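See below for model-v4.txt, which holds compact mmCIF, C-alpha atoms.
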# COMPACT_ATOMS: atom_id res chain seq x y z
CA MET A 816 -5.45 268.35 45.64
CA HIS A 817 -4.13 267.48 49.08
CA ILE A 818 -0.61 266.25 49.61
CA THR A 819 -0.69 263.82 52.50
CA SER A 820 2.86 262.58 52.49
CA LEU A 821 6.27 263.59 51.37
CA VAL A 822 7.91 261.19 48.97
CA PHE A 823 11.08 263.17 48.29
CA CYS A 824 14.09 262.67 50.52
CA PRO A 825 17.15 264.61 49.43
CA SER A 826 20.35 262.81 48.63
CA MET A 827 22.17 265.97 47.55
CA PRO A 828 22.29 269.02 49.80
CA ALA A 829 20.46 272.05 48.50
CA THR A 830 20.08 275.28 50.40
CA ILE A 831 16.76 277.01 50.86
CA ARG A 832 17.18 280.74 51.41
CA LEU A 833 14.66 283.06 53.00
CA SER A 834 15.05 286.69 53.94
CA VAL A 835 12.38 288.31 56.08
CA PRO A 836 12.09 291.64 57.89
CA GLY A 837 13.50 291.34 61.40
CA THR A 838 10.23 291.47 63.26
CA LEU A 839 8.05 288.87 64.95
CA ARG A 840 5.37 289.42 62.33
CA TYR A 841 7.28 287.12 59.97
CA ARG A 842 8.10 284.49 62.56
CA ASP A 843 5.28 282.09 61.79
CA LEU A 844 6.10 282.15 58.08
CA ALA A 845 9.72 281.26 58.77
CA VAL A 846 8.75 278.57 61.28
CA ARG A 847 6.47 276.86 58.78
CA ILE A 848 9.22 276.75 56.15
CA VAL A 849 11.72 275.36 58.64
CA ALA A 850 9.18 272.73 59.70
CA GLU A 851 8.74 271.59 56.11
CA ALA A 852 12.51 271.51 55.59
CA ALA A 853 12.92 269.39 58.73
CA ARG A 854 10.37 267.00 57.30
CA LEU A 855 12.57 266.57 54.20
CA VAL A 856 15.21 265.05 56.49
CA SER A 857 13.03 263.15 58.94
CA CYS A 858 10.67 262.02 56.18
CA SER A 859 7.93 262.28 58.79
CA VAL A 860 4.47 261.89 57.40
CA GLN A 861 2.70 265.14 56.83
CA ARG A 862 -0.61 265.66 58.54
CA ALA A 863 -3.81 264.69 56.86
CA PRO A 864 -6.08 267.48 55.64
CA ASN A 865 -8.61 266.80 58.39
CA ASP A 866 -6.00 266.66 61.16
CA PRO A 867 -6.99 269.22 63.81
CA LEU A 868 -3.36 270.17 64.44
CA ASP A 869 -2.45 273.55 63.01
CA HIS A 870 1.26 272.88 63.36
CA ASP A 871 2.39 269.28 63.00
CA VAL A 872 5.81 268.87 64.54
CA ARG A 873 5.05 265.62 66.36
CA ASP A 874 8.12 263.81 65.05
CA PRO A 875 10.98 264.20 67.57
CA PHE A 876 13.39 265.46 64.89
CA ASP A 877 10.88 268.04 63.66
CA THR A 878 10.10 268.99 67.27
CA ALA A 879 13.77 269.65 68.02
CA VAL A 880 14.46 271.66 64.88
CA VAL A 881 11.34 273.80 65.07
CA SER A 882 11.56 274.38 68.83
CA ALA A 883 15.16 275.57 68.57
CA PHE A 884 14.56 277.71 65.50
CA MET A 885 11.61 279.48 67.12
CA GLU A 886 13.80 280.49 70.04
CA ILE A 887 16.62 281.77 67.83
CA PHE A 888 14.20 283.78 65.68
CA ASN A 889 12.68 285.25 68.86
CA ASN A 890 16.14 286.11 70.11
CA VAL A 891 17.12 287.92 66.94
CA ALA A 892 13.87 289.92 66.74
CA ILE A 893 14.02 290.88 70.42
CA HIS A 894 17.72 291.32 71.14
CA ALA A 895 19.32 292.10 67.80
CA TYR A 896 16.52 294.26 66.46
CA LYS A 897 15.01 295.34 69.82
CA ARG A 898 11.48 294.52 68.60
CA LYS A 899 11.75 297.43 66.16
CA GLY A 900 12.91 295.66 63.01
CA GLY A 901 15.05 297.82 60.80
CA GLY A 902 16.94 294.96 59.20
CA THR A 903 16.48 291.53 57.78
CA ILE A 904 16.76 288.03 59.15
CA ASP A 905 18.50 285.95 56.51
CA ILE A 906 17.84 282.25 56.88
CA ALA A 907 19.70 279.52 54.98
CA ILE A 908 18.35 276.01 55.47
CA THR A 909 20.32 273.03 54.20
CA PRO A 910 18.53 269.71 54.59
CA LYS A 911 21.00 266.92 54.04
CA ASP A 912 20.56 263.18 53.98
CA ARG A 913 20.80 262.74 57.74
CA GLU A 914 20.99 266.25 59.16
CA ILE A 915 19.74 269.76 58.76
CA VAL A 916 21.85 272.89 59.06
CA ILE A 917 20.20 276.26 59.55
CA GLU A 918 22.06 279.54 59.48
CA VAL A 919 20.33 282.65 60.82
CA LYS A 920 22.02 285.94 60.06
CA ASP A 921 21.07 289.41 61.23
CA HIS A 922 22.53 292.88 61.08
CA GLY A 923 21.39 294.08 64.49
CA SER A 924 23.08 294.34 67.86
CA PRO A 925 25.30 291.44 68.94
CA PHE A 926 23.98 289.15 71.66
CA ASP A 927 26.07 288.12 74.64
CA ILE A 928 25.37 284.40 74.80
CA ASP A 929 27.54 284.06 77.92
CA GLU A 930 25.12 286.21 79.91
CA VAL A 931 22.33 283.66 79.60
CA PRO A 932 21.81 282.19 83.09
CA PRO A 933 21.58 278.41 83.41
CA LEU A 934 18.37 276.82 84.61
CA PRO A 935 18.19 276.34 88.38
CA ASN A 936 19.52 272.95 89.45
CA GLU A 937 16.44 272.21 91.51
CA LEU A 938 13.12 273.30 90.11
CA ASP A 939 10.11 273.74 92.32
CA ALA A 940 7.14 276.05 92.54
CA ASP A 941 9.32 278.87 93.83
CA THR A 942 12.25 278.57 91.43
CA LEU A 943 10.33 278.11 88.18
CA PRO A 944 11.94 280.55 85.72
CA GLU A 945 9.83 283.07 83.84
CA GLY A 946 12.51 283.92 81.31
CA GLY A 947 15.91 283.01 79.93
CA MET A 948 14.77 279.61 78.72
CA GLY A 949 15.06 280.12 74.96
CA ILE A 950 18.78 279.55 74.46
CA HIS A 951 18.66 276.60 76.83
CA ILE A 952 15.92 275.04 74.69
CA ALA A 953 17.89 275.60 71.49
CA LYS A 954 21.14 274.21 72.89
CA THR A 955 19.50 271.17 74.41
CA MET A 956 17.34 270.32 71.42
CA LEU A 957 20.14 270.47 68.85
CA ASP A 958 23.46 268.76 68.27
CA GLU A 959 25.28 272.02 67.57
CA VAL A 960 24.52 275.66 68.27
CA THR A 961 27.16 278.26 67.50
CA TYR A 962 26.95 282.03 67.54
CA GLU A 963 29.35 284.47 65.93
CA PRO A 964 28.74 288.08 66.95
CA GLY A 965 28.99 290.53 64.11
CA PRO A 966 27.77 292.43 62.39
CA PRO A 967 26.47 290.43 60.79
CA ASN A 968 25.61 288.16 63.69
CA LEU A 969 25.42 284.52 62.71
CA TRP A 970 23.67 281.62 64.41
CA ARG A 971 24.44 278.16 63.08
CA LEU A 972 22.15 275.34 64.11
CA CYS A 973 22.62 271.66 63.34
CA LYS A 974 20.44 268.66 64.12
CA ARG A 975 21.27 265.10 63.09
CA LEU A 976 19.02 262.10 62.84
CA PRO A 977 19.75 259.69 65.67
CA GLY A 978 21.07 256.18 65.09
CA GLY A 979 20.03 254.36 61.99
CA ALA A 980 16.78 254.72 60.26
CA ARG A 981 14.87 257.76 59.29
CA ALA A 982 12.06 258.92 61.45
CA SER A 983 8.46 258.58 61.53
CA THR A 984 6.08 255.72 61.30
CA ARG A 985 3.03 257.82 62.01
CA VAL A 986 0.20 258.26 59.59
CA MET B 1266 -0.44 289.35 64.82
CA PRO B 1267 -2.11 285.97 65.30
CA VAL B 1268 -4.96 285.76 67.76
CA PRO B 1269 -4.44 283.18 70.50
CA ALA B 1270 -7.13 280.57 70.79
CA PHE B 1271 -8.03 280.36 74.41
CA ASP B 1272 -11.10 280.62 76.58
CA VAL B 1273 -11.92 280.70 80.26
CA GLN B 1274 -14.87 278.96 81.86
CA ARG B 1275 -15.69 279.63 85.49
CA SER B 1276 -17.74 277.40 87.76
CA SER B 1277 -18.35 277.48 91.48
CA ASN B 1278 -15.51 275.03 92.14
CA SER B 1279 -12.93 275.76 89.51
CA THR B 1280 -11.80 277.82 86.56
CA THR B 1281 -10.86 276.09 83.33
CA LEU B 1282 -8.44 277.73 80.92
CA THR B 1283 -8.30 276.07 77.51
CA VAL B 1284 -5.46 276.93 75.14
CA ARG B 1285 -5.32 275.77 71.52
CA GLY B 1286 -2.97 276.13 68.59
CA SER B 1287 0.33 277.90 69.20
CA LEU B 1288 1.27 279.61 72.45
CA ASP B 1289 4.29 281.67 71.58
CA ILE B 1290 5.92 285.06 71.68
CA ASN B 1291 3.20 286.50 69.46
CA THR B 1292 0.22 284.99 71.26
CA ALA B 1293 1.41 284.79 74.88
CA PRO B 1294 0.91 288.53 75.60
CA GLN B 1295 -2.84 288.29 74.99
CA LEU B 1296 -3.04 285.21 77.18
CA GLY B 1297 -1.02 287.06 79.79
CA GLU B 1298 -3.69 289.75 79.97
CA GLU B 1299 -6.32 287.07 80.52
CA ILE B 1300 -4.12 285.48 83.19
CA ASP B 1301 -3.86 288.83 84.98
CA ARG B 1302 -7.66 289.07 85.13
CA LEU B 1303 -7.94 285.45 86.19
CA VAL B 1304 -5.44 285.72 89.05
CA VAL B 1305 -7.20 288.77 90.50
CA ASP B 1306 -10.23 286.57 91.20
CA LYS B 1307 -8.07 284.37 93.49
CA PRO B 1308 -9.47 281.08 92.16
CA LYS B 1309 -9.12 278.01 94.34
CA LEU B 1310 -8.46 275.69 91.40
CA VAL B 1311 -7.44 276.47 87.84
CA ILE B 1312 -7.50 273.63 85.33
CA VAL B 1313 -5.38 274.33 82.27
CA ASP B 1314 -6.44 272.19 79.32
CA LEU B 1315 -3.62 271.98 76.78
CA SER B 1316 -4.97 269.06 74.76
CA GLY B 1317 -5.47 271.38 71.80
CA LEU B 1318 -2.04 273.00 72.07
CA ASP B 1319 0.31 271.88 69.33
CA LEU B 1320 3.20 274.34 69.63
CA ILE B 1321 4.78 276.28 72.47
CA ASP B 1322 7.91 278.37 72.92
CA SER B 1323 9.66 279.80 75.97
CA SER B 1324 7.33 282.82 76.00
CA GLY B 1325 4.33 280.50 76.18
CA VAL B 1326 5.95 278.53 78.98
CA ALA B 1327 6.63 281.79 80.82
CA ALA B 1328 2.95 282.74 80.58
CA LEU B 1329 1.92 279.44 82.14
CA VAL B 1330 4.55 279.79 84.87
CA LYS B 1331 3.16 283.23 85.62
CA LEU B 1332 -0.31 281.72 85.97
CA TYR B 1333 0.99 278.92 88.17
CA LYS B 1334 2.84 281.27 90.50
CA GLY B 1335 0.03 283.82 90.61
CA VAL B 1336 -2.68 281.35 91.53
CA ARG B 1337 -0.54 279.59 94.12
CA ALA B 1338 0.48 282.90 95.67
CA SER B 1339 -3.16 283.53 96.54
CA GLY B 1340 -3.64 280.06 98.00
CA GLY B 1341 -5.05 278.31 94.93
CA ASN B 1342 -3.82 275.41 92.88
CA VAL B 1343 -3.19 274.79 89.19
CA THR B 1344 -3.64 271.53 87.33
CA ILE B 1345 -2.29 271.20 83.79
CA SER B 1346 -3.77 268.45 81.65
CA GLY B 1347 -3.64 267.10 78.12
CA VAL B 1348 -0.07 268.10 77.30
CA ARG B 1349 1.37 266.13 74.39
CA ASP B 1350 3.91 266.13 71.56
CA GLN B 1351 6.05 269.27 71.16
CA PRO B 1352 4.70 271.08 74.24
CA LEU B 1353 5.35 267.99 76.38
CA ALA B 1354 8.89 267.74 75.00
CA ILE B 1355 9.51 271.36 75.98
CA PHE B 1356 8.15 270.91 79.51
CA LYS B 1357 10.32 267.81 79.95
CA LEU B 1358 13.41 269.55 78.58
CA LEU B 1359 12.88 272.39 81.06
CA ARG B 1360 12.24 269.81 83.82
CA MET B 1361 8.88 271.37 84.53
CA ASP B 1362 6.97 268.17 83.91
CA LYS B 1363 7.55 267.09 87.50
CA VAL B 1364 6.60 270.45 88.97
CA PHE B 1365 3.39 270.46 86.95
CA ASN B 1366 2.77 266.72 87.46
CA LEU B 1367 2.48 266.09 83.74

Structure encoded using structure tokens:
Amino acid sequence: MHITSLVFCPSMPATIRLSVPGTLRYRDLAVRIVAEAARLVSCSVQRAPNDPLDHDVRDPFDTAVVSAFMEIFNNVAIHAYKRKGGGTIDIAITPKDREIVIEVKDHGSPFDIDEVPPLPNELDADTLPEGGMGIHIAKTMLDEVTYEPGPPNLWRLCKRLPGGARASTRV
Amino acid sequence: MPVPAFDVQRSSNSTTLTVRGSLDINTAPQLGEEIDRLVVDKPKLVIVDLSGLDLIDSSGVAALVKLYKGVRASGGNVTISGVRDQPLAIFKLLRMDKVFNL
């Protein structure tokens, strides 16, 4: 059986909890769960079975949530756990009626968010950055990004649906 | 680790790099190795086809920036085509859409 659309939109918040080892090996698994949770809020139509897209995050809400989460997961695996693992990444996803809140907790080294350089004001072929873009993506894509250094370190991400209606009209 | 879906086709006039699926922190390193080999050849024109790319993160963007800078440093040019959906949103957010003429 193929499920081609989501018919459930939550009216009561419920939290989805996922704990994975703090390595990049588990990133794709976490991203897929976050993408599905975002879809519970946006009510975007899930891809058809024959859709060539491996990851369907075409809806702007889903795009924002998944793009930001990917960067935060990367940050935790690289900076908190130094690409060596040794702890868990505890993810709590709360899809609400018009917003999603994601908390990402780790027990690794704290991250100095103030050391992240801003993007250059004028971008051209010479000033294109080759790093330091992840936190900028997360902050720009979401309505709220907060970080509490620990341990445990805690990222809190929030994205709200814009304006009135729910998202997608795509099939 | 996932295997990145990309291939390189060389002709007398240009080199075409096609990337599909997800270009991210897990897949970008393998593409980076291919980019290193590609840049050594000092191609005059590299066409990057991203029409099959459905997800990108900052590591994937960094790999493409590395390609762009490397090819231009040796006098060549890079054209990026077919960008859509989430990857296009990321390029726009980073204000790279104008640099890459997307």

Point to revise | Within 12 Å of file point (1.9, 276.8, 84.8), counting all atoms listed in the file, expressed as a VMD selection string | key: (chain A and resid 939 to 941 943 to 945) or (chain B and resid 1282 1297 1300 1311 to 1315 1324 to 1337 1342 to 1346 1348 1356 1361 to 1367)

Exercise for review: Select, from A:Tyr962, A:Tyr896, A:Phe926, A:Phe888, the residue with the minimum atom-to-atom distance to chain B, counting all atoms listed in the file.
Suggested key: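 Checking each of A:Tyr962, A:Tyr896, A:Phe926, A:Phe888 against chain B, counting all atoms listed in the file, the winner is A:Phe888.
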
Could you write out as JSON the box around region 1305-1310 of chain B (axis-aligned, all atoms listed in the file, 6 Å on each side), with centre and edge lengths in Å to one decimal?
{"center_x": -8.7, "center_y": 282.2, "center_z": 92.4, "size_x": 15.0, "size_y": 25.1, "size_z": 15.8}

Where does chain A meet chain B within 8 Å, residue by residue, with the nearest atom pair and distance in Å to one decimal for each, counting only C-alpha atoms, listed by chain and rising number, as a Markdown table?
| residue | atom | partner | partner_atom | distance |
| --- | --- | --- | --- | --- |
| A:Leu839 | CA | B:Asn1291 | CA | 7.0 |
| A:Arg840 | CA | B:Met1266 | CA | 6.3 |
| A:Leu868 | CA | B:Asp1319 | CA | 6.3 |
| A:Asp869 | CA | B:Gly1286 | CA | 6.2 |
| A:His870 | CA | B:Asp1319 | CA | 6.1 |
| A:Asp871 | CA | B:Asp1319 | CA | 7.2 |
| A:Val872 | CA | B:Gln1351 | CA | 6.6 |
| A:Arg873 | CA | B:Asp1350 | CA | 5.3 |
| A:Pro875 | CA | B:Gln1351 | CA | 7.9 |
| A:Thr878 | CA | B:Gln1351 | CA | 5.6 |
| A:Ser882 | CA | B:Asp1322 | CA | 6.8 |
| A:Met885 | CA | B:Asp1322 | CA | 7.0 |
| A:Glu886 | CA | B:Asp1322 | CA | 6.9 |
| A:Asn889 | CA | B:Ile1290 | CA | 7.3 |
| A:Leu934 | CA | B:Leu1359 | CA | 7.9 |
| A:Leu938 | CA | B:Val1364 | CA | 7.2 |
| A:Asp939 | CA | B:Val1364 | CA | 5.9 |
| A:Ala940 | CA | B:Val1364 | CA | 6.7 |
| A:Asp941 | CA | B:Lys1334 | CA | 7.7 |
| A:Leu943 | CA | B:Val1330 | CA | 6.9 |
| A:Pro944 | CA | B:Ala1327 | CA | 7.3 |
| A:Glu945 | CA | B:Ala1327 | CA | 4.6 |
| A:Gly946 | CA | B:Ala1327 | CA | 6.3 |
| A:Met948 | CA | B:Ser1323 | CA | 5.8 |
| A:Gly949 | CA | B:Ser1323 | CA | 5.5 |
| A:Ile952 | CA | B:Leu1358 | CA | 7.2 |
| A:Thr955 | CA | B:Leu1358 | CA | 7.6 |

Practice item. Give the answer as one residue: which of A:Ile917, A:Leu976, A:Ala895, A:Ala907 has the shortest atom-to-atom distance to Thr961 (chain A), using only C-alpha atoms? Key: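 The closest residue to Thr961 (chain A) is A:Ile917.
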
Check your understanding: From the set A:Thr942, A:Pro977, A:Trp970, A:Phe884, which residue has the shortest atom-to-atom contact distance to Asp843 (chain A), counting only C-alpha atoms?
Key -> A:Phe884
